[in-house]
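Peer 1: Pasting final-v6.cif below, which is mmCIF, C-alpha atoms and all ligand atoms.
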data_upload
#
loop_
_atom_site.group_PDB
_atom_site.id
_atom_site.type_symbol
_atom_site.label_atom_id
_atom_site.label_comp_id
_atom_site.auth_asym_id
_atom_site.auth_seq_id
_atom_site.Cartn_x
_atom_site.Cartn_y
_atom_site.Cartn_z
ATOM 1 C CA MET A 29 -95.240 47.167 120.091
ATOM 2 C CA LEU A 30 -97.302 50.288 119.492
ATOM 3 C CA MET A 31 -94.852 51.678 116.948
ATOM 4 C CA PHE A 32 -94.440 48.340 115.223
ATOM 5 C CA ILE A 33 -98.195 47.903 114.753
ATOM 6 C CA SER A 34 -98.547 51.487 113.639
ATOM 7 C CA THR A 35 -95.823 51.079 111.008
ATOM 8 C CA LEU A 36 -97.254 47.785 109.853
ATOM 9 C CA THR A 37 -100.883 48.826 109.582
ATOM 10 C CA GLY A 38 -100.782 52.605 109.270
ATOM 11 C CA ALA A 39 -103.185 52.888 112.230
ATOM 12 C CA GLN A 40 -103.056 55.832 114.629
ATOM 13 C CA ASN A 41 -101.989 55.223 118.223
ATOM 14 C CA ASP A 42 -105.450 55.919 119.631
ATOM 15 C CA ILE A 43 -106.939 53.085 117.567
ATOM 16 C CA ILE A 44 -104.139 50.729 118.597
ATOM 17 C CA ASN A 45 -104.611 51.691 122.244
ATOM 18 C CA LYS A 46 -108.344 51.099 121.948
ATOM 19 C CA TYR A 47 -107.870 47.533 120.682
ATOM 20 C CA SER A 48 -105.033 46.923 123.107
ATOM 21 C CA TYR A 49 -107.370 47.839 125.965
ATOM 22 C CA GLU A 50 -110.155 45.762 124.413
ATOM 23 C CA ILE A 51 -108.117 42.533 124.372
ATOM 24 C CA LYS A 52 -106.798 43.136 127.885
ATOM 25 C CA THR A 53 -110.352 43.313 129.191
ATOM 26 C CA LYS A 54 -111.171 39.870 127.789
ATOM 27 C CA SER A 55 -110.632 37.057 130.222
ATOM 28 C CA TYR A 56 -107.876 35.364 128.275
ATOM 29 C CA ASN A 57 -104.291 35.511 129.427
ATOM 30 C CA LEU A 58 -102.600 36.177 126.084
ATOM 31 C CA SER A 59 -98.945 37.112 125.611
ATOM 32 C CA GLU A 60 -97.895 40.426 124.095
ATOM 33 C CA TYR A 61 -97.237 38.685 120.782
ATOM 34 C CA HIS A 62 -100.711 37.160 120.713
ATOM 35 C CA ARG A 63 -102.301 40.465 121.740
ATOM 36 C CA ALA A 64 -100.460 42.075 118.819
ATOM 37 C CA LEU A 65 -102.093 39.547 116.466
ATOM 38 C CA TYR A 66 -105.485 40.490 117.899
ATOM 39 C CA ILE A 67 -104.860 44.197 117.436
ATOM 40 C CA ILE A 68 -103.612 43.747 113.855
ATOM 41 C CA ALA A 69 -106.679 41.677 112.941
ATOM 42 C CA ARG A 70 -108.989 44.240 114.582
ATOM 43 C CA ILE A 71 -107.415 47.042 112.593
ATOM 44 C CA LEU A 72 -107.274 45.307 109.218
ATOM 45 C CA LYS A 73 -110.617 43.485 109.483
ATOM 46 C CA PRO A 74 -109.470 40.641 107.238
ATOM 47 C CA GLU A 75 -111.816 38.407 105.291
ATOM 48 C CA ILE A 76 -109.351 35.511 104.983
ATOM 49 C CA VAL A 77 -106.567 34.702 107.436
ATOM 50 C CA ILE A 78 -104.311 31.659 107.072
ATOM 51 C CA GLU A 79 -101.963 30.441 109.769
ATOM 52 C CA THR A 80 -99.602 27.494 109.727
ATOM 53 C CA GLY A 81 -98.769 26.116 113.175
ATOM 54 C CA VAL A 82 -101.448 25.977 115.855
ATOM 55 C CA PHE A 83 -100.138 23.846 118.728
ATOM 56 C CA GLU A 84 -102.433 24.548 121.717
ATOM 57 C CA GLY A 85 -104.164 27.382 119.854
ATOM 58 C CA HIS A 86 -103.072 30.703 121.356
ATOM 59 C CA SER A 87 -102.545 32.460 118.023
ATOM 60 C CA SER A 88 -105.773 30.935 116.687
ATOM 61 C CA LEU A 89 -107.603 32.142 119.780
ATOM 62 C CA ALA A 90 -106.279 35.696 119.430
ATOM 63 C CA LEU A 91 -107.222 35.834 115.749
ATOM 64 C CA LEU A 92 -110.648 34.268 116.268
ATOM 65 C CA LEU A 93 -111.449 36.699 119.074
ATOM 66 C CA ALA A 94 -110.654 39.550 116.686
ATOM 67 C CA LEU A 95 -112.748 38.063 113.856
ATOM 68 C CA LYS A 96 -115.660 37.670 116.257
ATOM 69 C CA GLU A 97 -115.429 41.323 117.304
ATOM 70 C CA ASN A 98 -115.093 42.316 113.634
ATOM 71 C CA ASN A 99 -118.157 40.197 112.861
ATOM 72 C CA LYS A 100 -116.471 39.088 109.656
ATOM 73 C CA GLY A 101 -113.722 36.872 108.358
ATOM 74 C CA HIS A 102 -112.503 33.302 108.537
ATOM 75 C CA LEU A 103 -109.368 31.735 109.923
ATOM 76 C CA HIS A 104 -107.908 28.733 108.131
ATOM 77 C CA SER A 105 -105.278 26.947 110.207
ATOM 78 C CA ILE A 106 -102.933 24.102 109.322
ATOM 79 C CA ASP A 107 -101.191 22.109 112.019
ATOM 80 C CA LEU A 108 -99.198 18.929 112.204
ATOM 81 C CA PRO A 109 -100.154 17.794 115.710
ATOM 82 C CA SER A 110 -97.210 18.095 118.057
ATOM 83 C CA PRO A 111 -96.080 15.262 120.355
ATOM 84 C CA LYS A 112 -95.603 18.008 122.956
ATOM 85 C CA LEU A 113 -99.345 18.596 123.319
ATOM 86 C CA PRO A 114 -100.626 17.736 126.805
ATOM 87 C CA PRO A 115 -101.816 14.125 127.059
ATOM 88 C CA GLY A 116 -105.271 13.679 125.567
ATOM 89 C CA LYS A 117 -105.347 17.176 124.019
ATOM 90 C CA GLU A 118 -105.683 17.989 120.322
ATOM 91 C CA SER A 119 -104.245 20.833 118.260
ATOM 92 C CA GLY A 120 -106.092 24.032 119.131
ATOM 93 C CA TRP A 121 -107.699 22.573 122.244
ATOM 94 C CA ILE A 122 -107.781 25.895 124.072
ATOM 95 C CA VAL A 123 -110.100 27.497 121.491
ATOM 96 C CA PRO A 124 -113.617 27.532 122.971
ATOM 97 C CA GLU A 125 -116.532 26.105 121.036
ATOM 98 C CA HIS A 126 -118.252 29.459 120.580
ATOM 99 C CA LEU A 127 -115.287 30.796 118.568
ATOM 100 C CA ARG A 128 -115.035 27.845 116.201
ATOM 101 C CA LYS A 129 -117.733 28.949 113.733
ATOM 102 C CA ARG A 130 -115.182 31.030 111.847
ATOM 103 C CA TRP A 131 -112.452 28.396 112.072
ATOM 104 C CA ASP A 132 -111.318 25.775 109.583
ATOM 105 C CA LEU A 133 -108.593 23.632 111.185
ATOM 106 C CA ARG A 134 -106.767 21.154 108.948
ATOM 107 C CA LEU A 135 -104.369 18.617 110.383
ATOM 108 C CA GLY A 136 -101.241 17.657 108.465
ATOM 109 C CA LYS A 137 -98.062 19.118 107.057
ATOM 110 C CA SER A 138 -98.270 22.558 105.511
ATOM 111 C CA SER A 139 -96.367 21.258 102.480
ATOM 112 C CA ASP A 140 -99.236 18.795 101.868
ATOM 113 C CA LEU A 141 -102.196 21.042 102.710
ATOM 114 C CA LEU A 142 -101.292 24.637 101.934
ATOM 115 C CA PRO A 143 -101.395 24.540 98.111
ATOM 116 C CA ASP A 144 -104.994 23.252 97.968
ATOM 117 C CA LEU A 145 -106.124 25.609 100.723
ATOM 118 C CA LEU A 146 -104.707 28.598 98.851
ATOM 119 C CA LYS A 147 -106.465 27.512 95.664
ATOM 120 C CA GLU A 148 -109.735 27.257 97.599
ATOM 121 C CA VAL A 149 -109.588 30.660 99.253
ATOM 122 C CA ARG A 150 -108.028 32.374 96.191
ATOM 123 C CA GLU A 151 -107.005 35.487 98.103
ATOM 124 C CA VAL A 152 -105.483 35.990 101.537
ATOM 125 C CA ASP A 153 -105.516 39.118 103.694
ATOM 126 C CA ILE A 154 -103.142 37.885 106.397
ATOM 127 C CA PHE A 155 -100.792 34.910 106.179
ATOM 128 C CA LEU A 156 -99.056 33.888 109.406
ATOM 129 C CA HIS A 157 -96.226 31.367 109.429
ATOM 130 C CA ASP A 158 -95.564 29.566 112.708
ATOM 131 C CA SER A 159 -95.140 25.912 111.784
ATOM 132 C CA GLU A 160 -91.756 24.319 111.205
ATOM 133 C CA HIS A 161 -89.139 27.049 111.345
ATOM 134 C CA SER A 162 -86.558 25.405 109.109
ATOM 135 C CA TYR A 163 -85.153 27.639 106.410
ATOM 136 C CA GLU A 164 -86.559 25.330 103.701
ATOM 137 C CA ASN A 165 -90.067 25.242 105.117
ATOM 138 C CA MET A 166 -90.268 28.963 105.810
ATOM 139 C CA HIS A 167 -88.970 29.793 102.371
ATOM 140 C CA TRP A 168 -91.383 27.338 100.775
ATOM 141 C CA GLU A 169 -94.391 28.661 102.705
ATOM 142 C CA TYR A 170 -93.572 32.305 101.943
ATOM 143 C CA LYS A 171 -93.041 31.566 98.284
ATOM 144 C CA THR A 172 -96.192 29.462 98.015
ATOM 145 C CA ALA A 173 -98.444 31.902 99.868
ATOM 146 C CA TRP A 174 -97.062 35.127 98.463
ATOM 147 C CA ARG A 175 -98.909 35.276 95.166
ATOM 148 C CA TYR A 176 -102.220 34.719 96.958
ATOM 149 C CA ILE A 177 -101.785 37.611 99.377
ATOM 150 C CA ARG A 178 -103.881 40.507 98.225
ATOM 151 C CA LYS A 179 -102.264 43.861 97.574
ATOM 152 C CA GLY A 180 -101.894 45.549 100.934
ATOM 153 C CA GLY A 181 -102.188 42.222 102.754
ATOM 154 C CA LEU A 182 -99.677 40.945 105.272
ATOM 155 C CA LEU A 183 -97.275 38.094 105.496
ATOM 156 C CA LEU A 184 -96.260 37.612 109.111
ATOM 157 C CA ARG A 185 -93.947 35.240 110.835
ATOM 158 C CA VAL A 186 -93.992 34.278 114.467
ATOM 159 C CA MET A 187 -92.403 36.800 116.803
ATOM 160 C CA ILE A 188 -93.086 39.551 114.355
ATOM 161 C CA LEU A 189 -91.175 41.908 116.611
ATOM 162 C CA ALA A 190 -87.990 40.193 115.454
ATOM 163 C CA ARG A 191 -88.295 41.481 111.953
ATOM 164 C CA THR A 192 -84.845 41.163 110.519
ATOM 165 C CA MET A 193 -83.968 37.531 110.905
ATOM 166 C CA HIS A 194 -85.082 36.361 107.507
ATOM 167 C CA SER A 195 -85.367 39.655 105.697
ATOM 168 C CA GLU A 196 -82.506 38.888 103.376
ATOM 169 C CA THR A 197 -84.189 35.710 102.196
ATOM 170 C CA LEU A 198 -87.385 37.558 101.608
ATOM 171 C CA GLN A 199 -85.783 40.474 99.883
ATOM 172 C CA ASN A 200 -84.085 38.065 97.542
ATOM 173 C CA THR A 201 -87.348 36.318 96.848
ATOM 174 C CA PHE A 202 -89.976 39.002 96.729
ATOM 175 C CA GLN A 203 -90.177 42.368 95.091
ATOM 176 C CA ARG A 204 -93.391 43.771 96.552
ATOM 177 C CA THR A 205 -92.665 46.473 99.030
ATOM 178 C CA ASN A 206 -95.249 45.946 101.746
ATOM 179 C CA ILE A 207 -93.873 42.641 102.902
ATOM 180 C CA THR A 208 -92.995 42.228 106.552
ATOM 181 C CA CYS A 209 -91.252 39.357 108.185
HETATM 182 C C1 LIG B 1 -94.713 27.011 117.616
HETATM 183 S S1 LIG B 1 -96.080 25.963 117.472
HETATM 184 C C2 LIG B 1 -97.395 27.062 116.999
HETATM 185 C C3 LIG B 1 -97.781 28.012 118.087
HETATM 186 C C4 LIG B 1 -98.992 28.863 117.794
HETATM 187 N N1 LIG B 1 -98.912 29.515 116.506
HETATM 188 C C5 LIG B 1 -99.160 29.920 118.886
HETATM 189 O O1 LIG B 1 -98.756 31.081 118.670
HETATM 190 O O2 LIG B 1 -99.697 29.582 119.936
HETATM 191 C C6 LIG B 1 -95.741 25.135 115.983
HETATM 192 C C7 LIG B 1 -96.788 24.125 115.565
HETATM 193 O O3 LIG B 1 -96.536 23.766 114.200
HETATM 194 C C8 LIG B 1 -96.629 22.365 114.065
HETATM 195 N N2 LIG B 1 -95.829 21.951 112.893
HETATM 196 C C9 LIG B 1 -94.533 21.562 112.845
HETATM 197 N N3 LIG B 1 -94.165 21.283 111.588
HETATM 198 C C10 LIG B 1 -95.254 21.525 110.808
HETATM 199 C C11 LIG B 1 -95.518 21.421 109.430
HETATM 200 N N4 LIG B 1 -94.574 21.002 108.570
HETATM 201 N N5 LIG B 1 -96.744 21.755 108.968
HETATM 202 C C12 LIG B 1 -97.717 22.174 109.830
HETATM 203 N N6 LIG B 1 -97.521 22.270 111.157
HETATM 204 C C13 LIG B 1 -96.322 21.964 111.639
HETATM 205 C C14 LIG B 1 -96.102 21.850 115.400
HETATM 206 O O4 LIG B 1 -96.449 20.513 115.627
HETATM 207 C C15 LIG B 1 -96.755 22.830 116.363
HETATM 208 O O5 LIG B 1 -98.065 22.403 116.666
#
Turn the structure described in the file into structure tokens.
Peer 2:
Amino acid sequence: MLMFISTLTGAQNDIINKYSYEIKTKSYNLSEYHRALYIIARILKPEIVIETGVFEGHSSLALLLALKENNKGHLHSIDLPSPKLPPGKESGWIVPEHLRKRWDLRLGKSSDLLPDLLKEVREVDIFLHDSEHSYENMHWEYKTAWRYIRKGGLLLRVMILARTMHSETLQNTFQRTNITC
């Protein structure tokens, strides 16, 4: 993970280790993937983060914890509520109230909500896809979000450690060099 984050962000190992330690000391039991999101957001200090796919809210939680520590930035999340949510729970239910000040959660399909959201925010520092993983939806989200991602920004997909799966699609679609998938 260390090397991956270093390659992605250009950060030195000591900085990555510092943020890795920081998130481990917080009393949230996040997976390695979610801790990686935290570390990336701590390093890049984004102003605008968009994620598609929230479910219970672990990725939102990791990102919001980082934005709180950064004391800057907003997370805009889109989620079509899943029937697999625990009974009586809503999308993002695990995110505590005190972290919600920097959070804009919109419920519905990304294909319905993402275009207007992108127009509103105008520029995105980090875009994270984790909604419906069909080829069509991923391709559509990448293509739609791409021109709003600022130079040097990131486009991430879930399980960013598995980088190659859709690289061919992306290479065929995008020419900018700093894309990761
Ligand atoms: C894998 S879960 C997200 C997990 C979350 N990112 C995390 O790391 O904890 C995918 C979520 O996307 C939602 N979803 C599925 N299709 C969608 C769509 N077309 N637009 C927006 N959300 C969608 C699902 O209902 C589910 O809540």
Peer 1: Throw together the list of residues within 8 Å of ligand LIG 1 (chain B), counting only C-alpha atoms and all ligand atoms, and drop it here as a ChimeraX atom specification.
Peer 2: /A:62,79-88,106-113,119,135-139,157-161,165,186
Peer 1: Using only C-alpha atoms, please write the residues we just selected to a file, as an mmCIF file, in the coordinates of the input.
Peer 2:
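See again-v2.cif below for the written result:
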data_model
loop_
_atom_site.group_PDB
_atom_site.id
_atom_site.type_symbol
_atom_site.label_atom_id
_atom_site.label_comp_id
_atom_site.auth_asym_id
_atom_site.auth_seq_id
_atom_site.Cartn_x
_atom_site.Cartn_y
_atom_site.Cartn_z
ATOM 1 C CA HIS A 62 -100.711 37.160 120.713
ATOM 2 C CA GLU A 79 -101.963 30.441 109.769
ATOM 3 C CA THR A 80 -99.602 27.494 109.727
ATOM 4 C CA GLY A 81 -98.769 26.116 113.175
ATOM 5 C CA VAL A 82 -101.448 25.977 115.855
ATOM 6 C CA PHE A 83 -100.138 23.846 118.728
ATOM 7 C CA GLU A 84 -102.433 24.548 121.717
ATOM 8 C CA GLY A 85 -104.164 27.382 119.854
ATOM 9 C CA HIS A 86 -103.072 30.703 121.356
ATOM 10 C CA SER A 87 -102.545 32.460 118.023
ATOM 11 C CA SER A 88 -105.773 30.935 116.687
ATOM 12 C CA ILE A 106 -102.933 24.102 109.322
ATOM 13 C CA ASP A 107 -101.191 22.109 112.019
ATOM 14 C CA LEU A 108 -99.198 18.929 112.204
ATOM 15 C CA PRO A 109 -100.154 17.794 115.710
ATOM 16 C CA SER A 110 -97.210 18.095 118.057
ATOM 17 C CA PRO A 111 -96.080 15.262 120.355
ATOM 18 C CA LYS A 112 -95.603 18.008 122.956
ATOM 19 C CA LEU A 113 -99.345 18.596 123.319
ATOM 20 C CA SER A 119 -104.245 20.833 118.260
ATOM 21 C CA LEU A 135 -104.369 18.617 110.383
ATOM 22 C CA GLY A 136 -101.241 17.657 108.465
ATOM 23 C CA LYS A 137 -98.062 19.118 107.057
ATOM 24 C CA SER A 138 -98.270 22.558 105.511
ATOM 25 C CA SER A 139 -96.367 21.258 102.480
ATOM 26 C CA HIS A 157 -96.226 31.367 109.429
ATOM 27 C CA ASP A 158 -95.564 29.566 112.708
ATOM 28 C CA SER A 159 -95.140 25.912 111.784
ATOM 29 C CA GLU A 160 -91.756 24.319 111.205
ATOM 30 C CA HIS A 161 -89.139 27.049 111.345
ATOM 31 C CA ASN A 165 -90.067 25.242 105.117
ATOM 32 C CA VAL A 186 -93.992 34.278 114.467
#
Peer 1: What's around range 70-72 of chain A at 7 Å? Count only C-alpha atoms, leave out sequence neighbours fewer than 3 positions away in its own chain, and write the answer as number ranges by chain.
Peer 2: A: 66-67, 94, 98
Peer 1: May I have the selected residues written with C-alpha atoms, as an mmCIF file, keeping the file's coordinate frame?
Peer 2:
data_model
loop_
_atom_site.group_PDB
_atom_site.id
_atom_site.type_symbol
_atom_site.label_atom_id
_atom_site.label_comp_id
_atom_site.auth_asym_id
_atom_site.auth_seq_id
_atom_site.Cartn_x
_atom_site.Cartn_y
_atom_site.Cartn_z
ATOM 1 C CA TYR A 66 -105.485 40.490 117.899
ATOM 2 C CA ILE A 67 -104.860 44.197 117.436
ATOM 3 C CA ALA A 94 -110.654 39.550 116.686
ATOM 4 C CA ASN A 98 -115.093 42.316 113.634
#
Peer 1: Give as a list in words the residues that the PyMOL selection byres (((chain A and resi 154) around 8) and not hetatm) matches when applied to the coordinates above.
Peer 2: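 On this input, the PyMOL selection byres (((chain A and resi 154) around 8) and not hetatm) captures Pro74, Ile76, Val77, Ile78, Val152, Asp153, Phe155, Leu156, Ile177, Gly181, Leu182, Leu183 and Leu184 of chain A.
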Peer 1: Within 12 Å of Lys129 in chain A, counting only C-alpha atoms, which residues show up once you throw out same-chain ones fewer than 3 positions away? Write them as a PDB file with C-alpha atoms, keeping the file's coordinate frame, please.
Peer 2:
ATOM      1  CA  LEU A  92    -110.648  34.268 116.268  1.00  0.00           C
ATOM      2  CA  LEU A  93    -111.449  36.699 119.074  1.00  0.00           C
ATOM      3  CA  LEU A  95    -112.748  38.063 113.856  1.00  0.00           C
ATOM      4  CA  LYS A  96    -115.660  37.670 116.257  1.00  0.00           C
ATOM      5  CA  ASN A  99    -118.157  40.197 112.861  1.00  0.00           C
ATOM      6  CA  LYS A 100    -116.471  39.088 109.656  1.00  0.00           C
ATOM      7  CA  GLY A 101    -113.722  36.872 108.358  1.00  0.00           C
ATOM      8  CA  HIS A 102    -112.503  33.302 108.537  1.00  0.00           C
ATOM      9  CA  LEU A 103    -109.368  31.735 109.923  1.00  0.00           C
ATOM     10  CA  HIS A 104    -107.908  28.733 108.131  1.00  0.00           C
ATOM     11  CA  VAL A 123    -110.100  27.497 121.491  1.00  0.00           C
ATOM     12  CA  PRO A 124    -113.617  27.532 122.971  1.00  0.00           C
ATOM     13  CA  GLU A 125    -116.532  26.105 121.036  1.00  0.00           C
ATOM     14  CA  HIS A 126    -118.252  29.459 120.580  1.00  0.00           C
ATOM     15  CA  ASP A 132    -111.318  25.775 109.583  1.00  0.00           C
ATOM     16  CA  LEU A 133    -108.593  23.632 111.185  1.00  0.00           C
TER      17      LEU A 133
END
Peer 1: Can you work out the spacing between CA of Leu141 in chain A and CA of Arg63 in chain A in Å, to one decimal?
Peer 2: 27.2 Å
Peer 1: How far is it from CA of Tyr163 in chain A to CA of Met29 in chain A, in Å with one decimal?
Peer 2: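 Spanning CA of Tyr163 in chain A to CA of Met29 in chain A is a straight-line distance of 25.9 Å.
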Peer 1: Take CA of Ser34 in chain A and CA of Ala64 in chain A and report the distance between them in Å, one decimal.
Peer 2: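 Separating CA of Ser34 in chain A from CA of Ala64 in chain A is a distance of 10.9 Å.
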Peer 1: Residues at most 10 Å from Arg175 in chain A, counting only C-alpha atoms, excluding those fewer than 4 positions away in the same chain, as number ranges by chain?
Peer 2: A: 146, 150-152, 170-171, 179, 202
Peer 1: Go ahead and dump the residues you just picked, C-alpha atoms, as an mmCIF file, keeping the file's coordinate frame.
Peer 2:
data_model
loop_
_atom_site.group_PDB
_atom_site.id
_atom_site.type_symbol
_atom_site.label_atom_id
_atom_site.label_comp_id
_atom_site.auth_asym_id
_atom_site.auth_seq_id
_atom_site.Cartn_x
_atom_site.Cartn_y
_atom_site.Cartn_z
ATOM 1 C CA LEU A 146 -104.707 28.598 98.851
ATOM 2 C CA ARG A 150 -108.028 32.374 96.191
ATOM 3 C CA GLU A 151 -107.005 35.487 98.103
ATOM 4 C CA VAL A 152 -105.483 35.990 101.537
ATOM 5 C CA TYR A 170 -93.572 32.305 101.943
ATOM 6 C CA LYS A 171 -93.041 31.566 98.284
ATOM 7 C CA LYS A 179 -102.264 43.861 97.574
ATOM 8 C CA PHE A 202 -89.976 39.002 96.729
#
Peer 1: Taking all listed atoms of range 81-91 of chain A, build the axis-aligned box, pad each of the six sides by 4 Å, then write its centre and edge lengths in Å to one decimal as lines of an AutoDock Vina configuration file.
Peer 2:
center_x = -103.2
center_y = 29.8
center_z = 117.4
size_x = 16.8
size_y = 20.0
size_z = 16.5
Peer 1: Have a look at A:Ser105, A:Leu127, A:Pro115, A:Pro143 and name the one nearest to Trp174 in chain A; count all atoms listed in the file.
Peer 2: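 Of all the options, A:Pro143 lies closest to Trp174 in chain A.
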Peer 1: For Tyr56 in chain A, which of A:Leu30, A:Leu89, A:Leu145, A:Ile43 is the closest residue, counting only C-alpha atoms?
Peer 2: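 Counting only C-alpha atoms, the residue closest to Tyr56 in chain A is A:Leu89.
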Peer 1: Choose the residue, out of A:Ala90, A:Glu118, A:Ala69, A:Glu169, that has the smallest atom-to-atom separation from Lys54 in chain A; count all atoms listed in the file.
Peer 2: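 So, comparing all the options, the nearest one is A:Ala90.
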